[in-house]
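What follows is data-v3.txt (compact mmCIF, C-alpha atoms).
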# COMPACT_ATOMS: atom_id res chain seq x y z
CA MET A 1 -33.47 13.98 37.70
CA LYS A 2 -34.68 15.75 34.61
CA THR A 3 -34.05 13.80 31.42
CA PRO A 4 -31.59 15.65 29.13
CA VAL A 5 -32.80 16.62 25.69
CA ALA A 6 -30.79 15.54 22.67
CA LYS A 7 -30.57 17.64 19.51
CA LYS A 8 -29.80 16.32 16.07
CA LEU A 9 -26.78 17.93 14.43
CA PRO A 10 -26.46 18.69 10.69
CA SER A 11 -23.96 15.84 10.50
CA GLY A 12 -26.63 13.35 11.60
CA ALA A 13 -25.19 12.75 15.08
CA TRP A 14 -27.03 13.63 18.31
CA ARG A 15 -25.78 15.95 21.05
CA CYS A 16 -26.77 16.39 24.69
CA GLN A 17 -25.54 19.08 27.05
CA VAL A 18 -25.55 18.73 30.85
CA MET A 19 -24.10 20.73 33.73
CA VAL A 20 -21.54 18.92 35.92
CA ASP A 21 -19.89 20.76 38.80
CA GLY A 22 -20.76 24.08 37.23
CA ARG A 23 -19.34 23.08 33.84
CA ARG A 24 -21.33 22.47 30.68
CA VAL A 25 -20.45 19.09 29.23
CA SER A 26 -21.40 18.06 25.70
CA ILE A 27 -21.97 14.46 24.69
CA THR A 28 -22.13 13.47 21.03
CA ALA A 29 -23.35 10.03 19.95
CA ALA A 30 -24.60 8.27 16.86
CA THR A 31 -28.20 7.99 18.10
CA GLU A 32 -30.55 10.07 20.24
CA LYS A 33 -31.00 7.22 22.72
CA GLU A 34 -27.26 6.77 23.21
CA ALA A 35 -26.67 10.51 23.66
CA VAL A 36 -29.40 10.79 26.30
CA ALA A 37 -28.20 7.66 28.13
CA GLN A 38 -24.60 8.92 28.33
CA ALA A 39 -25.74 12.34 29.46
CA MET A 40 -27.83 10.81 32.27
CA GLN A 41 -24.89 8.66 33.38
CA ILE A 42 -22.64 11.71 33.54
CA LYS A 43 -25.26 13.70 35.42
CA ALA A 44 -25.64 10.92 37.95
CA GLY A 45 -21.87 10.78 38.45
CA LEU A 46 -21.62 7.24 37.14
CA LYS A 47 -18.88 8.04 34.60
CA ALA A 48 -16.28 10.70 34.03
CA ALA A 49 -17.47 13.84 32.32
CA GLN A 50 -15.18 13.27 29.42
CA ARG A 51 -13.28 10.19 28.41
CA GLU A 52 -11.15 10.69 25.37
CA SER A 53 -10.78 6.92 25.15
CA SER A 54 -14.51 6.41 24.72
CA PRO A 55 -15.48 5.46 21.16
CA SER A 56 -18.03 8.24 21.16
CA GLN A 57 -15.29 10.78 21.76
CA MET A 58 -12.38 9.34 19.78
CA THR A 59 -11.32 10.58 16.41
CA VAL A 60 -10.33 8.12 13.69
CA GLY A 61 -6.67 8.89 14.38
CA GLN A 62 -7.10 8.25 18.11
CA ALA A 63 -8.85 4.97 17.39
CA ILE A 64 -5.98 3.81 15.19
CA ASP A 65 -3.44 4.93 17.81
CA ARG A 66 -5.29 2.97 20.45
CA TYR A 67 -5.53 -0.08 18.22
CA ILE A 68 -1.78 -0.02 17.53
CA GLU A 69 -1.03 0.37 21.23
CA SER A 70 -3.24 -2.63 22.05
CA LYS A 71 -1.21 -4.81 19.68
CA ASP A 72 2.34 -3.64 20.37
CA SER A 73 3.16 -6.59 22.65
CA VAL A 74 1.98 -9.29 20.24
CA LEU A 75 3.11 -7.92 16.89
CA SER A 76 6.70 -7.65 15.66
CA PRO A 77 8.44 -4.28 16.01
CA ALA A 78 8.55 -4.05 12.21
CA THR A 79 4.77 -4.53 11.92
CA VAL A 80 4.07 -1.97 14.64
CA ALA A 81 6.45 0.51 12.98
CA GLY A 82 4.68 -0.10 9.67
CA TYR A 83 1.31 0.62 11.27
CA LYS A 84 2.67 3.85 12.75
CA ARG A 85 3.95 4.97 9.34
CA ILE A 86 0.51 4.33 7.85
CA ARG A 87 -1.10 6.27 10.68
CA GLU A 88 1.23 9.21 10.09
CA HIS A 89 1.09 9.43 6.31
CA ALA A 90 -2.01 7.67 4.95
CA LEU A 91 -5.60 8.97 4.67
CA PRO A 92 -4.83 12.22 6.58
CA GLU A 93 -8.24 13.76 5.91
CA LEU A 94 -9.93 11.00 7.92
CA MET A 95 -7.80 11.25 11.07
CA PRO A 96 -9.49 14.29 12.74
CA ILE A 97 -13.04 13.01 12.10
CA LYS A 98 -14.96 11.76 15.13
CA LEU A 99 -15.23 7.99 14.93
CA VAL A 100 -19.02 8.09 15.30
CA LEU A 101 -19.29 10.59 12.44
CA LEU A 102 -17.18 8.69 9.93
CA THR A 103 -19.09 7.78 6.77
CA GLN A 104 -18.49 5.36 3.94
CA GLU A 105 -18.45 8.25 1.49
CA ALA A 106 -15.64 9.98 3.40
CA VAL A 107 -13.62 6.76 3.41
CA GLN A 108 -14.16 6.19 -0.31
CA ARG A 109 -13.13 9.74 -1.19
CA ALA A 110 -9.96 9.44 0.91
CA VAL A 111 -9.14 6.10 -0.70
CA ASN A 112 -9.71 7.55 -4.18
CA LYS A 113 -7.31 10.40 -3.44
CA MET A 114 -4.63 8.07 -2.04
CA ALA A 115 -4.99 5.71 -5.02
CA ARG A 116 -3.98 8.53 -7.38
CA GLU A 117 -0.66 8.92 -5.57
CA LYS A 118 0.21 5.55 -4.02
CA SER A 119 0.37 1.92 -5.09
CA PRO A 120 -2.64 -0.40 -4.74
CA LYS A 121 -0.74 -2.30 -2.05
CA SER A 122 -0.20 0.86 0.02
CA VAL A 123 -3.87 1.79 -0.29
CA ARG A 124 -4.99 -1.68 0.74
CA ASN A 125 -2.65 -1.68 3.73
CA ALA A 126 -3.98 1.68 4.92
CA HIS A 127 -7.58 0.59 4.45
CA GLY A 128 -6.85 -2.67 6.29
CA LEU A 129 -5.55 -0.80 9.33
CA LEU A 130 -8.58 1.48 9.30
CA SER A 131 -10.90 -1.53 9.08
CA ALA A 132 -9.18 -3.19 12.03
CA ALA A 133 -9.57 -0.08 14.19
CA LEU A 134 -13.24 0.23 13.24
CA ALA A 135 -13.85 -3.43 14.04
CA ALA A 136 -12.46 -2.81 17.53
CA TYR A 137 -14.12 0.51 18.38
CA ARG A 138 -17.07 0.87 16.03
CA PRO A 139 -18.05 -2.72 15.13
CA ASP A 140 -21.43 -1.66 13.73
CA PHE A 141 -19.71 0.13 10.82
CA ILE A 142 -18.70 -2.36 8.13
CA LEU A 143 -16.64 -0.81 5.36
CA ARG A 144 -17.63 -1.59 1.78
CA THR A 145 -15.00 0.47 0.05
CA THR A 146 -14.06 -0.09 -3.57
CA LEU A 147 -10.29 -0.54 -3.56
CA PRO A 148 -7.83 -0.28 -6.46
CA GLN A 149 -7.12 -3.55 -8.23
CA ARG A 150 -3.96 -5.37 -7.33
CA LYS A 151 -1.24 -5.17 -9.91
CA ARG A 152 0.08 -8.44 -11.23
CA TYR A 153 3.53 -8.98 -9.79
CA GLU A 154 6.09 -9.63 -12.49
CA PRO A 155 9.42 -10.36 -10.84
CA ALA A 156 12.58 -9.46 -12.70
CA ILE A 157 14.67 -12.58 -13.07
CA PRO A 158 18.31 -11.99 -13.96
CA SER A 159 19.44 -14.08 -16.91
CA GLY A 160 22.23 -16.58 -16.51
CA ASP A 161 24.58 -14.18 -18.31
CA ASP A 162 23.65 -11.28 -16.02
CA ILE A 163 24.14 -13.41 -12.91
CA GLY A 164 27.56 -14.42 -14.20
CA LYS A 165 28.51 -10.79 -14.74
CA ILE A 166 27.26 -9.76 -11.31
CA MET A 167 29.13 -12.59 -9.59
CA ALA A 168 32.32 -11.77 -11.53
CA VAL A 169 32.27 -8.08 -10.51
CA ALA A 170 31.43 -8.93 -6.88
CA LYS A 171 34.13 -11.61 -6.58
CA GLY A 172 36.76 -10.78 -4.01
CA THR A 173 34.85 -7.81 -2.59
CA VAL A 174 32.81 -7.45 0.59
CA ASN A 175 29.70 -7.65 -1.59
CA GLU A 176 30.37 -11.21 -2.76
CA LEU A 177 29.15 -13.00 0.38
CA PRO A 178 25.72 -11.30 0.69
CA ILE A 179 25.13 -11.66 -3.06
CA LEU A 180 25.94 -15.39 -3.01
CA LEU A 181 23.79 -15.92 0.09
CA ALA A 182 20.87 -14.56 -1.94
CA VAL A 183 21.66 -16.23 -5.27
CA TRP A 184 23.00 -19.56 -4.06
CA LEU A 185 21.04 -20.13 -0.85
CA GLY A 186 17.94 -18.04 -1.59
CA LEU A 187 18.05 -15.90 1.55
CA ARG A 188 16.01 -12.73 1.92
CA MET A 189 17.91 -9.48 2.49
CA SER A 190 16.60 -9.22 6.06
CA GLU A 191 17.72 -12.81 6.76
CA ILE A 192 21.20 -12.09 5.39
CA LEU A 193 21.54 -8.99 7.57
CA GLY A 194 20.25 -10.94 10.58
CA LEU A 195 22.88 -13.68 10.37
CA LYS A 196 25.16 -13.92 13.40
CA TRP A 197 28.37 -15.85 13.84
CA GLU A 198 26.59 -18.25 16.16
CA ASP A 199 24.31 -19.25 13.27
CA VAL A 200 27.20 -21.04 11.55
CA GLU A 201 27.61 -24.54 12.92
CA GLY A 202 29.97 -26.78 11.03
CA GLU A 203 28.67 -27.07 7.49
CA VAL A 204 25.17 -25.84 8.38
CA LEU A 205 23.75 -22.32 8.34
CA HIS A 206 20.87 -21.72 10.77
CA ILE A 207 18.29 -19.12 9.62
CA ARG A 208 16.64 -17.91 12.83
CA ARG A 209 16.05 -14.16 12.63
CA ALA A 210 15.75 -11.13 10.37
CA LEU A 211 17.15 -7.64 10.73
CA VAL A 212 15.00 -4.76 9.47
CA ASP A 213 15.15 -0.98 9.89
CA GLU A 214 13.16 -1.20 13.12
CA GLY A 215 15.48 -3.79 14.63
CA GLU A 216 15.85 -7.53 15.00
CA LYS A 217 12.82 -9.79 14.71
CA LEU A 218 11.92 -13.40 14.11
CA THR A 219 11.90 -14.65 10.54
CA LYS A 220 8.90 -13.85 8.34
CA THR A 221 7.13 -17.13 9.18
CA TYR A 222 7.83 -20.20 11.30
CA SER A 223 8.72 -22.03 8.08
CA SER A 224 11.35 -19.38 7.39
CA GLN A 225 13.37 -20.76 10.27
CA ARG A 226 15.44 -23.37 8.49
CA ASP A 227 18.83 -25.04 8.33
CA LEU A 228 20.74 -24.97 5.05
CA PRO A 229 23.86 -26.95 4.10
CA LEU A 230 26.74 -24.54 3.53
CA PRO A 231 28.59 -24.93 0.23
CA PRO A 232 32.37 -25.05 0.89
CA TYR A 233 32.93 -21.88 -1.14
CA ILE A 234 30.45 -19.83 0.91
CA ARG A 235 31.76 -21.35 4.15
CA GLY A 236 35.21 -20.16 3.09
CA LEU A 237 33.92 -16.62 2.51
CA ILE A 238 32.32 -16.62 5.97
CA ASP A 239 35.54 -17.82 7.59
CA ALA A 240 37.47 -15.06 5.81
CA ALA A 241 35.02 -12.29 6.75
CA PRO A 242 36.26 -9.87 9.46
CA ARG A 243 34.48 -10.16 12.81
CA THR A 244 33.57 -6.54 13.41
CA GLY A 245 30.43 -7.23 15.43
CA ASP A 246 27.70 -9.76 16.17
CA HIS A 247 26.44 -9.90 12.59
CA ILE A 248 28.26 -11.58 9.73
CA ILE A 249 27.15 -8.94 7.21
CA PRO A 250 27.68 -5.55 8.93
CA PHE A 251 25.58 -3.49 6.50
CA THR A 252 22.27 -1.66 6.73
CA ARG A 253 19.47 -2.44 4.29
CA ARG A 254 20.08 0.84 2.49
CA GLY A 255 23.82 0.24 2.44
CA LEU A 256 23.50 -3.26 0.98
CA TYR A 257 21.00 -2.08 -1.63
CA SER A 258 23.28 0.80 -2.69
CA ARG A 259 26.29 -1.50 -2.93
CA PHE A 260 24.32 -3.91 -5.10
CA GLN A 261 23.26 -1.12 -7.46
CA VAL A 262 26.92 -0.17 -7.92
CA ILE A 263 27.72 -3.82 -8.71
CA CYS A 264 24.95 -3.96 -11.34
CA LYS A 265 26.20 -0.74 -12.94
CA ARG A 266 29.78 -1.96 -13.08
CA ALA A 267 28.63 -5.31 -14.48
CA GLY A 268 26.77 -3.52 -17.27
CA VAL A 269 23.44 -5.16 -16.50
CA GLN A 270 19.96 -3.68 -16.10
CA HIS A 271 18.66 -2.39 -12.78
CA TYR A 272 17.71 -5.23 -10.44
CA ARG A 273 16.47 -5.20 -6.89
CA PHE A 274 18.51 -7.18 -4.38
CA HIS A 275 15.44 -9.39 -3.84
CA ASP A 276 15.59 -10.38 -7.53
CA LEU A 277 18.65 -12.47 -6.68
CA ARG A 278 16.36 -14.68 -4.61
CA HIS A 279 14.16 -15.18 -7.67
CA ILE A 280 17.03 -16.68 -9.58
CA ASN A 281 17.54 -19.28 -6.85
CA ALA A 282 13.92 -20.40 -7.09
CA SER A 283 13.97 -20.40 -10.88
CA VAL A 284 17.12 -22.52 -11.02
CA MET A 285 15.54 -25.11 -8.71
CA LEU A 286 12.45 -25.25 -10.89
CA ALA A 287 14.55 -25.50 -14.05
CA LEU A 288 16.47 -28.41 -12.51
CA GLY A 289 13.22 -30.22 -11.77
CA ILE A 290 13.47 -30.01 -7.98
CA PRO A 291 10.00 -30.80 -6.51
CA ASN A 292 8.05 -27.84 -5.14
CA ARG A 293 8.11 -29.27 -1.63
CA TYR A 294 11.90 -29.14 -1.38
CA ALA A 295 12.15 -25.78 -3.14
CA GLN A 296 9.53 -24.41 -0.74
CA GLU A 297 11.44 -25.63 2.32
CA ARG A 298 14.75 -24.28 1.03
CA MET A 299 13.24 -20.85 0.28
CA GLY A 300 11.50 -20.73 3.67
CA HIS A 301 7.92 -20.45 2.38
CA ALA A 302 5.03 -21.63 4.55
CA THR A 303 3.20 -23.00 1.48
CA ASP A 304 3.96 -23.53 -2.19
CA HIS A 305 1.63 -20.66 -3.15
CA MET A 306 4.53 -18.32 -3.96
CA LEU A 307 6.22 -20.96 -6.08
CA LYS A 308 3.03 -21.51 -8.07
CA THR A 309 2.03 -17.88 -8.51
CA VAL A 310 5.34 -16.00 -8.61
CA TYR A 311 8.27 -18.30 -9.15
CA GLN A 312 6.68 -20.82 -11.52
CA HIS A 313 8.78 -19.70 -14.43
CA THR A 314 12.35 -20.24 -15.49
CA MET A 315 15.11 -18.11 -16.95
CA SER A 316 14.53 -17.01 -20.53
CA SER A 317 17.38 -19.20 -21.80
CA GLU A 318 15.84 -22.23 -20.12
CA GLN A 319 12.43 -21.36 -21.56
CA GLN A 320 13.94 -21.25 -25.05
CA HIS A 321 15.61 -24.61 -24.48
CA VAL A 322 12.33 -26.17 -23.37
CA ALA A 323 10.56 -24.72 -26.42
CA GLN A 324 13.21 -26.18 -28.70
CA LEU A 325 12.81 -29.63 -27.15
CA VAL A 326 9.03 -29.51 -27.55
CA ASP A 327 9.32 -28.28 -31.16
CA HIS A 328 11.82 -31.03 -31.98
CA TYR A 329 9.53 -33.70 -30.53
CA PHE A 330 6.49 -32.70 -32.57
CA GLU A 331 8.48 -32.02 -35.75
CA GLU A 332 9.90 -35.52 -35.49
CA LYS A 333 6.41 -36.97 -35.05
CA LEU A 334 5.16 -34.93 -38.00
CA HIS A 335 7.92 -36.14 -40.35
CA THR A 336 7.54 -39.73 -39.15
CA ASN A 337 3.83 -39.70 -39.91
CA LEU A 338 4.41 -38.17 -43.37
CA HIS A 339 6.86 -40.90 -44.32
CA THR A 340 4.52 -43.70 -43.26
CA GLN A 341 1.55 -42.48 -45.27
Starting from the file, lay out its structure as structure tokens.
Amino acid sequence: MKTPVAKKLPSGAWRCQVMVDGRRVSITAATEKEAVAQAMQIKAGLKAAQRESSPSQMTVGQAIDRYIESKDSVLSPATVAGYKRIREHALPELMPIKLVLLTQEAVQRAVNKMAREKSPKSVRNAHGLLSAALAAYRPDFILRTTLPQRKRYEPAIPSGDDIGKIMAVAKGTVNELPILLAVWLGLRMSEILGLKWEDVEGEVLHIRRALVDEGEKLTKTYSSQRDLPLPPYIRGLIDAAPRTGDHIIPFTRRGLYSRFQVICKRAGVQHYRFHDLRHINASVMLALGIPNRYAQERMGHATDHMLKTVYQHTMSSEQQHVAQLVDHYFEEKLHTNLHTQ
């Protein structure tokens, strides 16, 4: 059998053309040797003329699709849905490029463009998915992309006065229970929406699942599965809540967020995210001197990293109180020393 001849394309890839069953078949590969080898295999009938699933034929978009499909049974529905959103909306100029023709320059330019419109976190997530697909289907290509710097996360912590106003406006409404579950028990929004009647057992609340837009899933981490003592007041609110379905809080994420924004407006406080209510729970524990280990377990964190890097601060009123105590201590020492000289 005559050895096919490969030609180098302007893009740098190599192409061979062979006749199979009267049809001309083109093979494109990263190197001359690979192009010739694939062409000879096709000519000898050892492989199908065209395999869209072959890395040499896949586009970047097809590679990402295949990667997502390979993980859909081991990742949560929310994670898979997130990957699909990235695939649909992020780095669109890269998706039609043949995987073997993708260059670092093309990736960097696409990242630069996305960074002008999206947050650093969104860019990093998109680049991470691309990297994972490349590791699976083009492992020889190691990305060395310069990514936008992460922005320091500065959580908004409602003051004690603002929390009081929010709780007062929410009292007696259907919004009171979800707000207190976040403020008092430190639950995430998805955990609140995932609560079912069966999760209430006596004076204990079992946190076992989360409800997100894509459906029900396990909690964020194994440590997030926890049992919390129910304060009598919150237990009373649960007992009084109407049983309209399996879930205690029958709202969507968007619905709960919108309701909370109305509460904030009526209370006359600044705009807060619903998740900011969880911050106040952590800050109160730290202000009360509760050890990190117990605060970490109550919040459902796998480690104390979040407490140290995000929550290691207290409400502004508590900070002022601490400053006053420190000032008083040293002023007293200063005056004592002056009198003894």
* Asked: Which of these residues is nearest to Lys84 of chain A, using all atoms listed in the file: A:Pro96, A:Gly61, A:Pro242, A:Gly194?
  -> A:Gly61
* What is the distance, in Å and to one decimal place, between atom CA of Arg124 of chain A and atom CA of Glu191 of chain A? -> 26.0 Å
* Pick from A:Asn292, A:Asp327, A:Asn125, A:Pro120: nearest to Lys151 of chain A, with only C-alpha atoms counted? ->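 Looking at the shortest contact to Lys151 of chain A, the residue is A:Pro120.
Note that the spacing between atom CA of Asp246 of chain A and atom CA of Trp197 of chain A amounts to 6.6 Å.
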* When distances are computed from only C-alpha atoms, which of A:Cys16, A:Arg278, A:Leu177, A:Leu288 shows the smallest separation from Asp239 of chain A? ->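 Among the listed residues, A:Leu177 lies closest to Asp239 of chain A.
Proximity to His247 of chain A was assessed for A:Ile142, A:Ala133, A:Met40, A:Leu193 counting only C-alpha atoms; the smallest distance is recorded for A:Leu193.
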* Structure fact -> As a check of understanding: the span from atom CA of Ala282 of chain A to atom CA of Glu198 of chain A is 26.6 Å
